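Trainee: Okay, here's the structure, questions in a sec.
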Number of protein chains: 2
Amino acid sequence: MPDVGTGSVAVEELRESALKQSRAHQWVQELTDATGPRMAGSPGDAAGVAWAMAKMKALGFEQVHAEKVSVMHWTRGVETGEVLSPTHHRLALTALGGSVPTPPGGVEAEVIEVTSIEDLQHRLRAQVEGKIVFFSAAMQTDKDYGRLNPIRGNGAVESAKLGAIGMVMRSLATSKARFPHTGMMRYQEGVAKIPAAALAVPDAELLQRLAANPPLRIRYILGCAELPNAESANVIGEVRGREAPTEIVLLGAHLDSWDLGTGALDDGAGVGAVIEVARLISLARPHPRRTIRVVLFANEEHGLEGAKAYAAEHSSELALHALGLELDSGTERVYGMTYLAGANAPSIIEEIARPLLVLGIPKPVEAQHHGADLIPLRQAGVPMAHLQQDGTHYVDFHHTADDTFDKIQPAALAQVVAATAVVAYGAAEAGSRLEPIPESQRGLPK
Amino acid sequence: MPDVGTGSVAVEELRESALKQSRAHQWVQELTDATGPRMAGSPGDAAGVAWAMAKMKALGFEQVHAEKVSVMHWTRGVETGEVLSPTHHRLALTALGGSVPTPPGGVEAEVIEVTSIEDLQHRLRAQVEGKIVFFSAAMQTDKDYGRLNPIRGNGAVESAKLGAIGMVMRSLATSKARFPHTGMMRYQEGVAKIPAAALAVPDAELLQRLAANPPLRIRYILGCAELPNAESANVIGEVRGREAPTEIVLLGAHLDSWDLGTGALDDGAGVGAVIEVARLISLARPHPRRTIRVVLFANEEHGLEGAKAYAAEHSSELALHALGLELDSGTERVYGMTYLAGANAPSIIEEIARPLLVLGIPKPVEAQHHGADLIPLRQAGVPMAHLQQDGTHYVDFHHTADDTFDKIQPAALAQVVAATAVVAYGAAEAGSRLEPIPESQRGLPK
């Protein structure tokens with residue numbers, strides 16, 4: 001039988017303190033005002049590491065340190081786009097992360113519109129060769145993100161396989177605001193690297209209308225560049241456990257951001273919330289049995305190098321990780337909880353999660369959700385919990401210039417802090433530890 | 001006693017046709033897709049004149065012609081901004097229309113924040129000299145536009161009078177989306193011309209926070225230019241009246257737009273709606289007594305030269321203008337009607353407006369509202385009507401890159417068409433003409 005013991009009063013006090021006194025929004029403001037964008041390898045990224053170190057020390061966390069991580073260093077540069085025919089228009093677009101640049105004069109070609117990678121793969125090479133492929137698939141709700149993001153990841157490769165010289169896509173966006181949404185793309189050994197960009201939704205819809213009057217020709221210029229790897233760091237701080245300090249409840253978020261906005265939602269909100277959870281737990285007396293470890297990962301957005309480095313650096317203690325939980329979904333309220341762990345999990349998790357009911361979060365269910373930075377930990381079997389946040393508007397702002405501090409909702413973020421504090425404290429205090437994820441469930445979904 | 005006569009059935013049919021069959025959104029799409037931005041003097045402006053001529057001819061309007069107008073020709077060029085201290089940030093900003101450029105390397109100085117022109121005028125020259133003045137006043141609702149737009153118009157002049165070398169302002173905006181909002185500004189003879197820009201709201205709020213940790217230094221570069229005047233045109237088409245064709249009901253909108261978006265809301269929506277009203281009335285049998293004249297004005301945004309040229313060109317027939325009505329408030333529904341005319345107006349207007357009740361528009365009231373292009377007609381005494389549209393979100397998009405076709409709401413715009421058609425038809429059919437605006441009310445408000 002799990003036992004939250006004397007913790008059951010403590011955890012409710014903790015939850016109420018979070019709702020009333022959360023400073024998570026203040027940490028997001030300080031972080032984003034002090035750093036601006038925190039693209040891996042950039043001056044802002046380094047400023048983020050410095051800010052996080054200083055903040056965790058100032059809050060009295062223990063074992064505060066940075067663990068060096070070598071990160072990809074890609075820079076954006078100039079980006080312009082225009083329709084050349086049937087009529088002239090400027091296009092709002094942005095390079096996908098990792099794209100090669102265009103030649104200085106840009107790429108210019110006729111456009112072929114496809115809706116999906118499958119649609120593209122059924123086209124003849126003669127239809128695609130020498131053209132710019134335009135993926136026009138539209139997100140209807142935030143739930144479409146997983147279904148459509150392979151276009152961003154693989155669309156350039158699949159286009160190049162059929163001879164395309166460029167690839168543009170409708171942004172993965174749930175708003176019609178005229179912001180292009182960046183995000184990571186990949187190339188493939190042996191396939192030509194073509195420059196790839198995302199169009200703001202109004203511009204993608206314009207192209208769809210103009211495509212009815214062919215030939216539709218566009219030109220775009222991307223001045224991005226891949227530089228030698230740079231140094232960044234995972235930043236770590238702890239609230240040491242009173243009885244089993246070597247057992248770790250890991251609260252993760254990522255310190256890096258895309259470069260267009262200031263990454264207030266992605267993932268300043270997560271950073272602010274996990275720091276605040278640790279701060280509130282540090283004030284609790286007694287501390288919970290196990291250690292709360294805040295890990296602010298480097299370069300989640302563009303390679304997960306921080307996550308990989310953490311798992312490698314801490315491989316010998318992964319068996320002692322009692323739980324991993326990452327916040328990386330913005331500022332809105334938690335509406336559900338999932339978990340993935342061993343056979344003893346259901347009853348322990350149910351007990352841990354009981355104080356979430358008053359926050360509107362029902363009994364957790366087993367599922368494969370977790371933050372991207374936890375992938376290597378999952379592969380090592382570390383038990384996972386995930387708090388599901390309302391994502392209705394998250395992808396309005398995600399990876400755009402509009403991801404700025406003013407989008408933070410302090411009251412909603414306080415509820416996220418409260419829910420996270422309940423789970424962290426409960427997992428750190430529970431009488432029995434969750435058993436590891438079974439081998440058969442450690443691979444990636446699908 | 002006013003008489004809408006056989007028109008009372010016709011006007012209700014017209015209203016219902018508009019609600020069910022309005023093509024106004026289609027005209028907005030065609031216009032914006034064919035032209036892009038239509039800044040006075042630009043290629044898009046010329047394309048707008050050509051589109052409007054062709055469209056009115058294709059719809060069978062009579063007397064379709066363009067009347068040449070010499071317009072200011074200002075171009076934008078590069079624009080960048082950054083915070084230099086206390087921390088580095090990029091700023092989203094845009095030149096105000098008519099601003100002088102900065103030197104190629106930009107203007108760079110410490111920032112002094114003021115909330116209003118009055119606040120500025122109470123500062124000492126020593127506080128302002130050599131600095132960049134930052135106006136931080138925030139719109140709370142769309143109703144604040146009139147109160148705050150003197151900052152845009154006169155803020156640079158008032159700053160320069162105290163020795164400032166630059167002026168930036170929080171955009172006049174009702175959304176926190178990270179779009180700077182442009183708009184016209186003015187210089188004054190004998191006062192130094194300093195470069196003036198609007199900051200996106202998130203960037204203005206950032207400056208306000210950073211100002212707490214002085215010195216706050218920024219730099220911005222504006223590459224705008226004032227070119228020699230260019231040629232544009234007012235585009236005019238008519239549905240000739242059956243009994244009194246020399247008497248004119250003028251339906252106005254402006255064909256030009258700012259250059260950042262495609263001017264779908266400002267004023268593509270107005271252009272589409274007045275064309276559609278005339279098309280629907282042209283299909284009515286019999287035509288109303290008086291002539292419906294559509295006037296698409298040149299360069300409303302940056303000098304009102306089209307409005308002035310129209311009044312001059314048509315001075316001899318202004319006494320025969322039975323009514324002037326301009327649409328220049330976007331895509332949302334009409335909730336009210338106002339008018340300004342002579343002593344016989346109340347009963348005539350009430351009769352004309354009766355078919356608006358079912359559209360949710362109550363009995364009109366006398367007020368000084370009307371479109372900017374009607375200022376010269378008002379000065380000549382031409383009776384004015386104005387349809388008040390819901391502006392809750394208009395200033396979310398106004399004068400930004402985000403003013404694009406996807407923001408048009410076809411059903412709401414159909415209601416605008418229906419309301420406008422009712423007023424136009426009623427004024428063209430009424431037994432008695434409205435008397436002119438009394439001399440005492442022909443000046444501008446305040």
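By convention here, the chains of the structure tokens are called A, B, ... in the order presented, each chain's residues are numbered starting at 1, and ligands are numbered starting at 1 in the order presented.
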Using only C-alpha atoms, which protein or nucleic acid residues come within 12 Å of Arg209 in chain B? Drop anything in the same chain fewer than 6 positions from it, and give the result as a compact mmCIF listing (two decimals) with C-alpha atoms, in the first residue's frame.

Mentor:
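Produced file part07.txt, reproduced below:
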# COMPACT_ATOMS: atom_id res chain seq x y z
CA GLN A 26 7.94 36.23 -12.58
CA GLN A 29 9.65 37.42 -17.17
CA GLU A 30 13.12 37.59 -15.64
CA THR A 32 13.03 36.32 -21.15
CA ASP A 33 13.88 39.92 -20.28
CA ALA A 34 17.44 38.92 -19.39
CA PHE A 405 6.19 37.17 -22.16
CA ASP A 406 2.87 38.96 -22.54
CA PRO B 86 20.55 46.71 -20.08
CA THR B 87 20.34 43.50 -22.17
CA GLU B 113 9.45 56.98 -21.43
CA SER B 136 4.00 53.99 -23.78
CA PRO B 202 5.12 43.00 -26.70
CA ASP B 203 8.19 45.09 -27.50
CA LEU B 216 17.80 51.86 -21.37

Trainee: Could you pull the residues within 6 Å of Arg240 in chain B, counting only C-alpha atoms, minus those fewer than 2 positions along the same chain, as a PyMOL selection string?

Mentor: chain B and resi 238+245+291

Trainee: Show me a table, sorted first by chain and then by increasing residue number, of the residues of chain A having an atom at most 9 Å from chain B, each with its shortest atom pair and the distance in Å to one decimal, counting only C-alpha atoms and written as CSV.

Mentor:
residue,atom,partner,partner_atom,distance
A:Asp33,CA,B:Leu206,CA,7.2
A:Ala34,CA,B:Thr87,CA,6.1
A:Thr35,CA,B:Thr87,CA,7.1
A:Gly36,CA,B:His89,CA,5.6
A:Pro37,CA,B:His89,CA,8.1
A:Gly44,CA,B:His88,CA,8.5
A:Pro86,CA,B:Ala34,CA,8.4
A:Thr87,CA,B:Ala34,CA,6.1
A:His88,CA,B:Gly36,CA,7.2
A:His89,CA,B:Gly36,CA,5.7
A:Arg90,CA,B:Gly36,CA,7.9
A:Ala92,CA,B:Ala401,CA,8.9
A:Lys176,CA,B:Asp406,CA,7.2
A:Ala177,CA,B:Asp402,CA,6.2
A:Arg178,CA,B:Asp402,CA,5.2
A:Phe179,CA,B:Asp402,CA,8.4
A:Val201,CA,B:Asp406,CA,8.8
A:Pro202,CA,B:Asp406,CA,6.2
A:Asp203,CA,B:Thr404,CA,8.8
A:Glu205,CA,B:Asp406,CA,7.9
A:Leu206,CA,B:Asp33,CA,7.2
A:Arg209,CA,B:Asp33,CA,8.2
A:Leu210,CA,B:Asp33,CA,7.6
A:Ala401,CA,B:Arg178,CA,6.9
A:Asp402,CA,B:Arg178,CA,5.2
A:Asp403,CA,B:Arg178,CA,8.6
A:Thr404,CA,B:Pro202,CA,6.7
A:Phe405,CA,B:Pro202,CA,7.5
A:Asp406,CA,B:Pro202,CA,6.2
A:Lys407,CA,B:Lys176,CA,7.9

Trainee: As a PDB file with N, CA and C atoms, in the first residue's frame, please: the residues near Glu108 in chain A (cut-off 7 Å, only C-alpha atoms, same-chain neighbours under 3 positions excluded).

Mentor:
ATOM      1  N   ILE A 218       7.394  31.494 -57.544  1.00  0.00           N
ATOM      2  CA  ILE A 218       7.833  32.222 -56.362  1.00  0.00           C
ATOM      3  C   ILE A 218       9.359  32.232 -56.304  1.00  0.00           C
ATOM      4  N   ARG A 219       9.859  33.134 -55.492  1.00  0.00           N
ATOM      5  CA  ARG A 219      11.295  33.174 -55.217  1.00  0.00           C
ATOM      6  C   ARG A 219      11.470  33.412 -53.723  1.00  0.00           C
ATOM      7  N   TYR A 220      12.433  32.740 -53.135  1.00  0.00           N
ATOM      8  CA  TYR A 220      12.740  33.067 -51.734  1.00  0.00           C
ATOM      9  C   TYR A 220      14.229  32.983 -51.492  1.00  0.00           C
TER      10      TYR A 220
END

Trainee: Nearest residue to Arg293 in chain A out of A:Gly342, A:Pro215, A:Gly60, A:Gly252, using only C-alpha atoms?

Mentor: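 For Arg293 in chain A, the nearest of the given residues is A:Gly252.
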
Trainee: Going by DSSP on the backbone, which bits of range 297-363 of chain B are strand (DSSP E)? Write them as a list in words, please.

Mentor: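 Matching residues, listed in order: Phe297, His321, Ala322, Leu323, Gly324, Leu325, Glu326, Val334, Tyr335, Gly336, Met337, Thr338, Tyr339 and Leu340 of chain B.
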
Trainee: With N, CA, C and O atoms retained, could you export that selection as a PDB file, in the first residue's frame?

Mentor:
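What landed in selection23.pdb:
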ATOM      1  N   PHE B 297     -11.767  56.136 -53.355  1.00  0.00           N
ATOM      2  CA  PHE B 297     -10.849  57.263 -53.203  1.00  0.00           C
ATOM      3  C   PHE B 297      -9.385  56.815 -53.219  1.00  0.00           C
ATOM      4  O   PHE B 297      -9.036  55.754 -52.698  1.00  0.00           O
ATOM      5  N   HIS B 321     -25.530  66.412 -54.323  1.00  0.00           N
ATOM      6  CA  HIS B 321     -25.238  65.173 -53.586  1.00  0.00           C
ATOM      7  C   HIS B 321     -26.279  65.004 -52.478  1.00  0.00           C
ATOM      8  O   HIS B 321     -26.336  65.784 -51.534  1.00  0.00           O
ATOM      9  N   ALA B 322     -27.103  63.986 -52.640  1.00  0.00           N
ATOM     10  CA  ALA B 322     -28.203  63.760 -51.691  1.00  0.00           C
ATOM     11  C   ALA B 322     -27.711  63.164 -50.390  1.00  0.00           C
ATOM     12  O   ALA B 322     -28.319  63.351 -49.333  1.00  0.00           O
ATOM     13  N   LEU B 323     -26.601  62.406 -50.454  1.00  0.00           N
ATOM     14  CA  LEU B 323     -26.059  61.760 -49.257  1.00  0.00           C
ATOM     15  C   LEU B 323     -24.641  61.295 -49.554  1.00  0.00           C
ATOM     16  O   LEU B 323     -24.326  60.891 -50.680  1.00  0.00           O
ATOM     17  N   GLY B 324     -23.815  61.344 -48.536  1.00  0.00           N
ATOM     18  CA  GLY B 324     -22.494  60.709 -48.604  1.00  0.00           C
ATOM     19  C   GLY B 324     -22.387  59.663 -47.509  1.00  0.00           C
ATOM     20  O   GLY B 324     -22.801  59.903 -46.364  1.00  0.00           O
ATOM     21  N   LEU B 325     -21.869  58.499 -47.846  1.00  0.00           N
ATOM     22  CA  LEU B 325     -21.680  57.422 -46.858  1.00  0.00           C
ATOM     23  C   LEU B 325     -20.402  56.700 -47.229  1.00  0.00           C
ATOM     24  O   LEU B 325     -20.239  56.274 -48.371  1.00  0.00           O
ATOM     25  N   GLU B 326     -19.473  56.573 -46.291  1.00  0.00           N
ATOM     26  CA  GLU B 326     -18.239  55.842 -46.563  1.00  0.00           C
ATOM     27  C   GLU B 326     -18.125  54.629 -45.648  1.00  0.00           C
ATOM     28  O   GLU B 326     -18.445  54.695 -44.461  1.00  0.00           O
ATOM     29  N   VAL B 334     -22.680  45.876 -38.652  1.00  0.00           N
ATOM     30  CA  VAL B 334     -23.156  47.216 -38.292  1.00  0.00           C
ATOM     31  C   VAL B 334     -24.070  47.102 -37.078  1.00  0.00           C
ATOM     32  O   VAL B 334     -24.952  46.253 -37.041  1.00  0.00           O
ATOM     33  N   TYR B 335     -23.818  47.946 -36.084  1.00  0.00           N
ATOM     34  CA  TYR B 335     -24.686  47.942 -34.900  1.00  0.00           C
ATOM     35  C   TYR B 335     -25.427  49.257 -34.714  1.00  0.00           C
ATOM     36  O   TYR B 335     -26.311  49.360 -33.867  1.00  0.00           O
ATOM     37  N   GLY B 336     -25.080  50.279 -35.481  1.00  0.00           N
ATOM     38  CA  GLY B 336     -25.753  51.553 -35.290  1.00  0.00           C
ATOM     39  C   GLY B 336     -25.605  52.447 -36.510  1.00  0.00           C
ATOM     40  O   GLY B 336     -24.781  52.194 -37.389  1.00  0.00           O
ATOM     41  N   MET B 337     -26.430  53.465 -36.573  1.00  0.00           N
ATOM     42  CA  MET B 337     -26.356  54.412 -37.676  1.00  0.00           C
ATOM     43  C   MET B 337     -26.445  55.826 -37.133  1.00  0.00           C
ATOM     44  O   MET B 337     -27.208  56.100 -36.206  1.00  0.00           O
ATOM     45  N   THR B 338     -25.643  56.696 -37.701  1.00  0.00           N
ATOM     46  CA  THR B 338     -25.715  58.110 -37.350  1.00  0.00           C
ATOM     47  C   THR B 338     -25.872  58.932 -38.629  1.00  0.00           C
ATOM     48  O   THR B 338     -25.668  58.431 -39.734  1.00  0.00           O
ATOM     49  N   TYR B 339     -26.215  60.195 -38.465  1.00  0.00           N
ATOM     50  CA  TYR B 339     -26.347  61.067 -39.629  1.00  0.00           C
ATOM     51  C   TYR B 339     -26.056  62.501 -39.231  1.00  0.00           C
ATOM     52  O   TYR B 339     -26.072  62.857 -38.052  1.00  0.00           O
ATOM     53  N   LEU B 340     -25.798  63.296 -40.240  1.00  0.00           N
ATOM     54  CA  LEU B 340     -25.599  64.728 -40.054  1.00  0.00           C
ATOM     55  C   LEU B 340     -26.157  65.412 -41.295  1.00  0.00           C
ATOM     56  O   LEU B 340     -25.687  65.160 -42.414  1.00  0.00           O
TER      57      LEU B 340
END

Trainee: Please identify the alpha helix (DSSP H) residues within range 15-232 of chain B (assignment by DSSP from backbone atoms) and present them as a PyMOL selection string.

Mentor: chain B and resi 15-21+24-35+43-58+117-121+125-128+145-161+201-210

Trainee: Just C-alpha atoms for this one: save the residues we selected as a PDB file, in the first residue's frame.

Mentor:
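Final output, saved to out_2.pdb:
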ATOM      1  CA  ARG B  15     -31.695  43.668 -47.981  1.00  0.00           C
ATOM      2  CA  GLU B  16     -32.513  39.954 -48.076  1.00  0.00           C
ATOM      3  CA  SER B  17     -30.596  39.486 -51.330  1.00  0.00           C
ATOM      4  CA  ALA B  18     -27.566  41.078 -49.743  1.00  0.00           C
ATOM      5  CA  LEU B  19     -27.719  38.823 -46.715  1.00  0.00           C
ATOM      6  CA  LYS B  20     -28.069  35.703 -48.823  1.00  0.00           C
ATOM      7  CA  GLN B  21     -26.024  36.454 -51.903  1.00  0.00           C
ATOM      8  CA  ALA B  24     -18.462  41.449 -51.194  1.00  0.00           C
ATOM      9  CA  HIS B  25     -15.942  38.970 -49.739  1.00  0.00           C
ATOM     10  CA  GLN B  26     -15.263  37.722 -53.250  1.00  0.00           C
ATOM     11  CA  TRP B  27     -14.464  41.232 -54.446  1.00  0.00           C
ATOM     12  CA  VAL B  28     -12.112  41.690 -51.491  1.00  0.00           C
ATOM     13  CA  GLN B  29     -10.373  38.459 -52.372  1.00  0.00           C
ATOM     14  CA  GLU B  30     -10.034  39.409 -56.020  1.00  0.00           C
ATOM     15  CA  LEU B  31      -8.754  42.871 -55.180  1.00  0.00           C
ATOM     16  CA  THR B  32      -6.186  41.764 -52.615  1.00  0.00           C
ATOM     17  CA  ASP B  33      -5.015  38.758 -54.615  1.00  0.00           C
ATOM     18  CA  ALA B  34      -4.627  40.911 -57.726  1.00  0.00           C
ATOM     19  CA  THR B  35      -2.805  43.771 -56.075  1.00  0.00           C
ATOM     20  CA  PRO B  43       2.592  49.379 -58.327  1.00  0.00           C
ATOM     21  CA  GLY B  44      -0.100  47.774 -56.146  1.00  0.00           C
ATOM     22  CA  ASP B  45      -1.981  51.074 -56.055  1.00  0.00           C
ATOM     23  CA  ALA B  46      -1.955  51.254 -59.844  1.00  0.00           C
ATOM     24  CA  ALA B  47      -3.070  47.625 -59.986  1.00  0.00           C
ATOM     25  CA  GLY B  48      -5.932  48.505 -57.647  1.00  0.00           C
ATOM     26  CA  VAL B  49      -7.109  51.281 -59.978  1.00  0.00           C
ATOM     27  CA  ALA B  50      -6.965  48.888 -62.938  1.00  0.00           C
ATOM     28  CA  TRP B  51      -8.817  46.173 -61.027  1.00  0.00           C
ATOM     29  CA  ALA B  52     -11.564  48.543 -59.903  1.00  0.00           C
ATOM     30  CA  MET B  53     -12.067  49.938 -63.408  1.00  0.00           C
ATOM     31  CA  ALA B  54     -12.296  46.452 -64.898  1.00  0.00           C
ATOM     32  CA  LYS B  55     -14.565  45.141 -62.146  1.00  0.00           C
ATOM     33  CA  MET B  56     -17.059  48.015 -62.335  1.00  0.00           C
ATOM     34  CA  LYS B  57     -17.190  47.723 -66.114  1.00  0.00           C
ATOM     35  CA  ALA B  58     -17.662  43.963 -65.913  1.00  0.00           C
ATOM     36  CA  ILE B 117       1.950  64.276 -25.268  1.00  0.00           C
ATOM     37  CA  GLU B 118       0.820  66.217 -22.201  1.00  0.00           C
ATOM     38  CA  ASP B 119       3.228  64.221 -20.052  1.00  0.00           C
ATOM     39  CA  LEU B 120       6.031  64.985 -22.523  1.00  0.00           C
ATOM     40  CA  GLN B 121       5.227  68.682 -22.582  1.00  0.00           C
ATOM     41  CA  ARG B 125      14.328  69.999 -22.085  1.00  0.00           C
ATOM     42  CA  ALA B 126      17.335  68.623 -20.160  1.00  0.00           C
ATOM     43  CA  GLN B 127      15.457  65.353 -19.618  1.00  0.00           C
ATOM     44  CA  VAL B 128      14.595  64.903 -23.277  1.00  0.00           C
ATOM     45  CA  TYR B 145      -8.076  55.148 -30.977  1.00  0.00           C
ATOM     46  CA  GLY B 146      -9.256  58.711 -31.356  1.00  0.00           C
ATOM     47  CA  ARG B 147      -7.846  59.732 -27.993  1.00  0.00           C
ATOM     48  CA  LEU B 148      -4.390  58.245 -28.651  1.00  0.00           C
ATOM     49  CA  ASN B 149      -3.774  58.804 -32.337  1.00  0.00           C
ATOM     50  CA  PRO B 150      -2.468  62.348 -31.789  1.00  0.00           C
ATOM     51  CA  ILE B 151       0.610  60.589 -30.371  1.00  0.00           C
ATOM     52  CA  ARG B 152       1.146  59.039 -33.790  1.00  0.00           C
ATOM     53  CA  GLY B 153       0.376  62.238 -35.645  1.00  0.00           C
ATOM     54  CA  ASN B 154       2.231  64.747 -33.470  1.00  0.00           C
ATOM     55  CA  GLY B 155       4.495  62.785 -31.163  1.00  0.00           C
ATOM     56  CA  ALA B 156       7.604  63.284 -33.282  1.00  0.00           C
ATOM     57  CA  VAL B 157       7.088  67.039 -33.561  1.00  0.00           C
ATOM     58  CA  GLU B 158       6.499  67.449 -29.845  1.00  0.00           C
ATOM     59  CA  SER B 159       9.546  65.295 -29.054  1.00  0.00           C
ATOM     60  CA  ALA B 160      11.744  67.260 -31.444  1.00  0.00           C
ATOM     61  CA  LYS B 161      10.663  70.520 -29.864  1.00  0.00           C
ATOM     62  CA  VAL B 201       2.917  45.783 -28.153  1.00  0.00           C
ATOM     63  CA  PRO B 202       5.120  43.002 -26.702  1.00  0.00           C
ATOM     64  CA  ASP B 203       8.195  45.092 -27.499  1.00  0.00           C
ATOM     65  CA  ALA B 204       6.672  48.229 -25.985  1.00  0.00           C
ATOM     66  CA  GLU B 205       5.884  46.288 -22.815  1.00  0.00           C
ATOM     67  CA  LEU B 206       9.449  44.957 -22.799  1.00  0.00           C
ATOM     68  CA  LEU B 207      10.800  48.521 -22.986  1.00  0.00           C
ATOM     69  CA  GLN B 208       8.579  49.541 -20.105  1.00  0.00           C
ATOM     70  CA  ARG B 209       9.957  46.713 -17.959  1.00  0.00           C
ATOM     71  CA  LEU B 210      13.556  47.374 -18.978  1.00  0.00           C
TER      72      LEU B 210
END

Trainee: Report, in Å to a single decimal, how far apart CA of Glu231 in chain B and CA of Met39 in chain B are.

Mentor: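 Between CA of Met39 in chain B and CA of Glu231 in chain B the gap is 11.9 Å.
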
Trainee: One decimal, in Å: what's the spacing between CA of Leu318 in chain A and CA of Ser70 in chain A?

Mentor: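 According to the coordinates, CA of Leu318 in chain A and CA of Ser70 in chain A are separated by 21.5 Å.
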